[in-house]
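Working notes for the structure below.
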Amino acid sequence: MSGICLYCGNEWIPPVSWSSFFTVDLPSYLCPECEALLEPVSGMTCKICSRPLEKLDAQFIAGDCCTDCKRWEEDPEWRGLWQENHSLYVYNEFLKEIISLFKFRGDYCIAKAFSGQIARVAKKMDYDLMVPVPLSKERQYERGFNQSEALLIEAGLKPFHALDRLHGEKQSKKSRRERIHLNQVFQVKAEANIRGKKILLVDDIYTTGSTLRHAAKVLIGAGAKSVSSLTLARG
Ligand SMILES: [Zn+2]
Ligand SMILES: [Zn+2]
């Protein structure tokens, strides 16, 4: 059986090992050369946001967290609203390229490349409902799909649509202060019953954590028991 790499289009023959008679290997949609360019998040990471601490300058580390998370947790308005983030890969140049094909060129198939890993990690996490971070209506219309939802569906997981996005995605151009004080961009859908539920938010990239924390705030406000997140990339 051969495979066609979703990224480079090269055909390759997955090696048949003796062990594959006994175990079910994760299906692979990237060739070994492309797969090797992905950098799994590993080593010492911030216990809240899973940012790799080894690459950070000492001034941005506060015990077992990064200083960004410490600042959020020091703010009584945001403290304890969101449990933790788990990211699969470092947002390196290769992953940036893959995600841009996926999001901006509408290459929906790319979601398959991560299906095995997402399913594997989701199995280890404690949650009742998986909630994809929504796009605004305009953005979803432009793109044709929500990339976070695509990651879940391709991994065989069931998305629970608990949130609406009220406006604007372009938060990255604003300063940290502006982002924190920005009006809430999410709203819990009136019909979504999340009371007492453990929510796992799913997004493609964790950048500043602002999006996920804003989402956590409305979910907790609507009665969710806890909110954590799973993201493909850690920026
Ligand atoms: Zn390839
Ligand atoms: Zn952190």
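Every chain in the structure tokens takes a letter, A first, then B, and so on in the order presented; its residues are numbered from 1, and the ligands are numbered from 1 following the presented order.
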Original post:
What's the 12 Å shell around Glu35 of chain A, counting only C-alpha atoms, without same-chain residues fewer than 2 positions away, as a ChimeraX atom specification?
Top reply: /A:5-8,28-33,37-40,89,94-95,98,113-114,117
Subject >> Backbone-only DSSP, strand (DSSP E or B) members of segment 29-109 of chain A, as a list in words >> reply: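 Matching residues for strand (DSSP E or B) in segment 29-109 of chain A are Pro40, Thr45, Pro52, Ile61, Ala62, Cys65, Cys66, Asn85, His86, Ser87, Leu88, Tyr89 and Val90 of chain A.
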How about saving the chosen residues, C-alpha atoms kept, as a PDB file, in the first residue's frame?
ATOM      1  CA  PRO A  40       6.246  18.135  18.439  1.00  0.00           C
ATOM      2  CA  THR A  45       6.558  23.522  28.965  1.00  0.00           C
ATOM      3  CA  PRO A  52       8.167  25.334  25.502  1.00  0.00           C
ATOM      4  CA  ILE A  61       9.734  32.289  32.896  1.00  0.00           C
ATOM      5  CA  ALA A  62       8.016  32.432  36.292  1.00  0.00           C
ATOM      6  CA  CYS A  65       4.716  29.012  33.949  1.00  0.00           C
ATOM      7  CA  CYS A  66       5.564  31.645  31.401  1.00  0.00           C
ATOM      8  CA  ASN A  85      -3.771  24.325  26.874  1.00  0.00           C
ATOM      9  CA  HIS A  86      -2.266  21.362  25.115  1.00  0.00           C
ATOM     10  CA  SER A  87      -0.567  22.032  21.757  1.00  0.00           C
ATOM     11  CA  LEU A  88       0.692  19.354  19.403  1.00  0.00           C
ATOM     12  CA  TYR A  89       3.413  21.137  17.453  1.00  0.00           C
ATOM     13  CA  VAL A  90       5.663  24.172  17.575  1.00  0.00           C
TER      14      VAL A  90
END
**OP:** Quick one: everything within 7 Å of Ser115 of chain A, counting only C-alpha atoms, minus sequence neighbours fewer than 2 positions away in the same chain. Send it as a PyMOL selection string.
**Re:** chain A and resi 111-113+117-119+151+154-155
Next, dump the selected residues to file, keeping only C-alpha atoms, as an mmCIF file, in the first residue's frame.
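Dumped to selection_4.cif:
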data_model
loop_
_atom_site.group_PDB
_atom_site.id
_atom_site.type_symbol
_atom_site.label_atom_id
_atom_site.label_comp_id
_atom_site.auth_asym_id
_atom_site.auth_seq_id
_atom_site.Cartn_x
_atom_site.Cartn_y
_atom_site.Cartn_z
ATOM 1 C CA ALA A 111 -6.895 18.436 8.279
ATOM 2 C CA LYS A 112 -6.405 14.714 7.650
ATOM 3 C CA ALA A 113 -2.663 15.059 8.148
ATOM 4 C CA GLN A 117 -2.436 12.857 16.537
ATOM 5 C CA ILE A 118 -5.531 14.839 17.443
ATOM 6 C CA ALA A 119 -7.512 11.673 18.118
ATOM 7 C CA LEU A 151 -9.545 19.197 12.585
ATOM 8 C CA GLU A 154 -11.274 14.508 10.333
ATOM 9 C CA ALA A 155 -10.091 13.041 13.647
#
Original post:
Which protein, DNA or RNA residues have an atom within 6 Å of ligand 2, counting only C-alpha atoms and all ligand atoms, as a list in words?
Top reply: Cys46, Ile48, Cys49, Arg51, Cys65, Cys66, Asp68 and Cys69 of chain A
Residues near Leu157 of chain A, anyone? I mean within 12 Å using only C-alpha atoms, not counting same-chain ones fewer than 6 positions away, as a compact mmCIF listing (two decimals) with N, CA and C atoms, in the first residue's frame.
# COMPACT_ATOMS: atom_id res chain seq x y z
N SER A 115 -5.10 14.14 11.82
CA SER A 115 -6.22 13.42 12.45
C SER A 115 -5.76 12.39 13.49
N GLY A 116 -4.71 11.64 13.15
CA GLY A 116 -4.25 10.60 14.07
C GLY A 116 -3.78 11.19 15.39
N ILE A 118 -4.46 14.17 16.70
CA ILE A 118 -5.53 14.84 17.44
C ILE A 118 -6.39 13.80 18.17
N ALA A 119 -6.71 12.73 17.48
CA ALA A 119 -7.51 11.67 18.12
C ALA A 119 -6.76 11.07 19.30
N ARG A 120 -5.46 10.89 19.13
CA ARG A 120 -4.65 10.27 20.19
C ARG A 120 -4.60 11.17 21.43
N VAL A 121 -4.35 12.47 21.22
CA VAL A 121 -4.24 13.39 22.36
C VAL A 121 -5.61 13.60 23.02
N ALA A 122 -6.66 13.69 22.20
CA ALA A 122 -8.00 13.91 22.75
C ALA A 122 -8.38 12.78 23.69
N LYS A 123 -7.96 11.57 23.37
CA LYS A 123 -8.27 10.40 24.19
C LYS A 123 -7.71 10.56 25.60
N ASP A 128 -16.05 16.72 28.52
CA ASP A 128 -17.37 16.21 28.13
C ASP A 128 -17.71 16.64 26.71
N LEU A 129 -17.36 17.89 26.37
CA LEU A 129 -17.73 18.43 25.06
C LEU A 129 -16.53 19.08 24.40
N MET A 130 -16.40 18.85 23.10
CA MET A 130 -15.32 19.50 22.35
C MET A 130 -15.93 20.64 21.54
N VAL A 131 -15.47 21.84 21.82
CA VAL A 131 -16.06 23.03 21.20
C VAL A 131 -15.05 23.70 20.28
N PRO A 132 -15.28 23.67 18.96
CA PRO A 132 -14.35 24.39 18.07
C PRO A 132 -14.51 25.90 18.24
N SER A 148 -10.96 24.75 12.72
CA SER A 148 -10.93 24.03 14.00
C SER A 148 -11.92 22.88 13.98
N GLU A 149 -13.07 23.15 13.38
CA GLU A 149 -14.08 22.10 13.24
C GLU A 149 -13.56 20.99 12.31
N ALA A 150 -12.88 21.38 11.24
CA ALA A 150 -12.33 20.40 10.29
C ALA A 150 -11.35 19.47 10.99
N LEU A 151 -10.53 20.02 11.87
CA LEU A 151 -9.55 19.20 12.58
C LEU A 151 -10.26 18.13 13.42
N LEU A 200 -13.64 21.26 26.22
CA LEU A 200 -12.32 21.31 25.59
C LEU A 200 -12.47 22.16 24.32
N VAL A 202 -11.19 23.84 20.92
CA VAL A 202 -10.22 23.42 19.91
C VAL A 202 -9.98 24.57 18.94
Original post:
Smallest atom-to-atom distance to Ser228 of chain A: which of A:Arg105, A:Lys198, A:Lys137, A:Arg143, using only C-alpha atoms?
Top reply: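 Closest candidate: A:Lys198.
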**OP:** Name the residues in contact with Gln140 of chain A at a cut-off of 12 Å, using only C-alpha atoms, excluding same-chain residues fewer than 2 positions from it; report them as a VMD selection string.
**Re:** chain A and resid 103 to 104 106 133 to 138 142 to 149 164 to 165 167 to 169
Original post:
In Å, how far is it from atom CA of His161 of chain A to atom CA of Cys109 of chain A?
Top reply: 21.5 Å
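When atom CA of Trp82 of chain A is paired with atom CA of Leu219 of chain A, their separation reads 9.7 Å.
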Original post:
Nearest to ligand 1: which of A:Ala216, A:Ile13, A:Cys34, A:Ile153 is it, counting only C-alpha atoms and all ligand atoms?
Top reply: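 Looking only at the distances to ligand 1, the closest residue turns out to be A:Cys34.
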Original post:
Among segment 107-220 of chain A, which residues carry a DSSP assignment of alpha helix (DSSP H), reported as a PyMOL selection string?
Top reply: chain A and resi 115-124+137-143+147-154+176-181+210-220
Subject >> Pick from A:Glu84, A:Lys189, A:Ile110, A:Thr67 nearest to ligand 1, counting only C-alpha atoms and all ligand atoms >> reply: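 Closest to ligand 1 of all the choices is A:Ile110.
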**OP:** Provide the atom CA of Lys197 of chain A to atom CA of Gln83 of chain A distance in Å, to one decimal place.
**Re:**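 Spanning atom CA of Lys197 of chain A to atom CA of Gln83 of chain A is a straight-line distance of 13.5 Å.
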**OP:** Go through A:Val218, A:Leu232, A:Val185, A:Val227 one by one, measure the shortest atom-to-atom distance of each to Tyr206 of chain A using only C-alpha atoms, and give the residue with the smallest value.
**Re:**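 Among the listed residues, A:Leu232 lies closest to Tyr206 of chain A.
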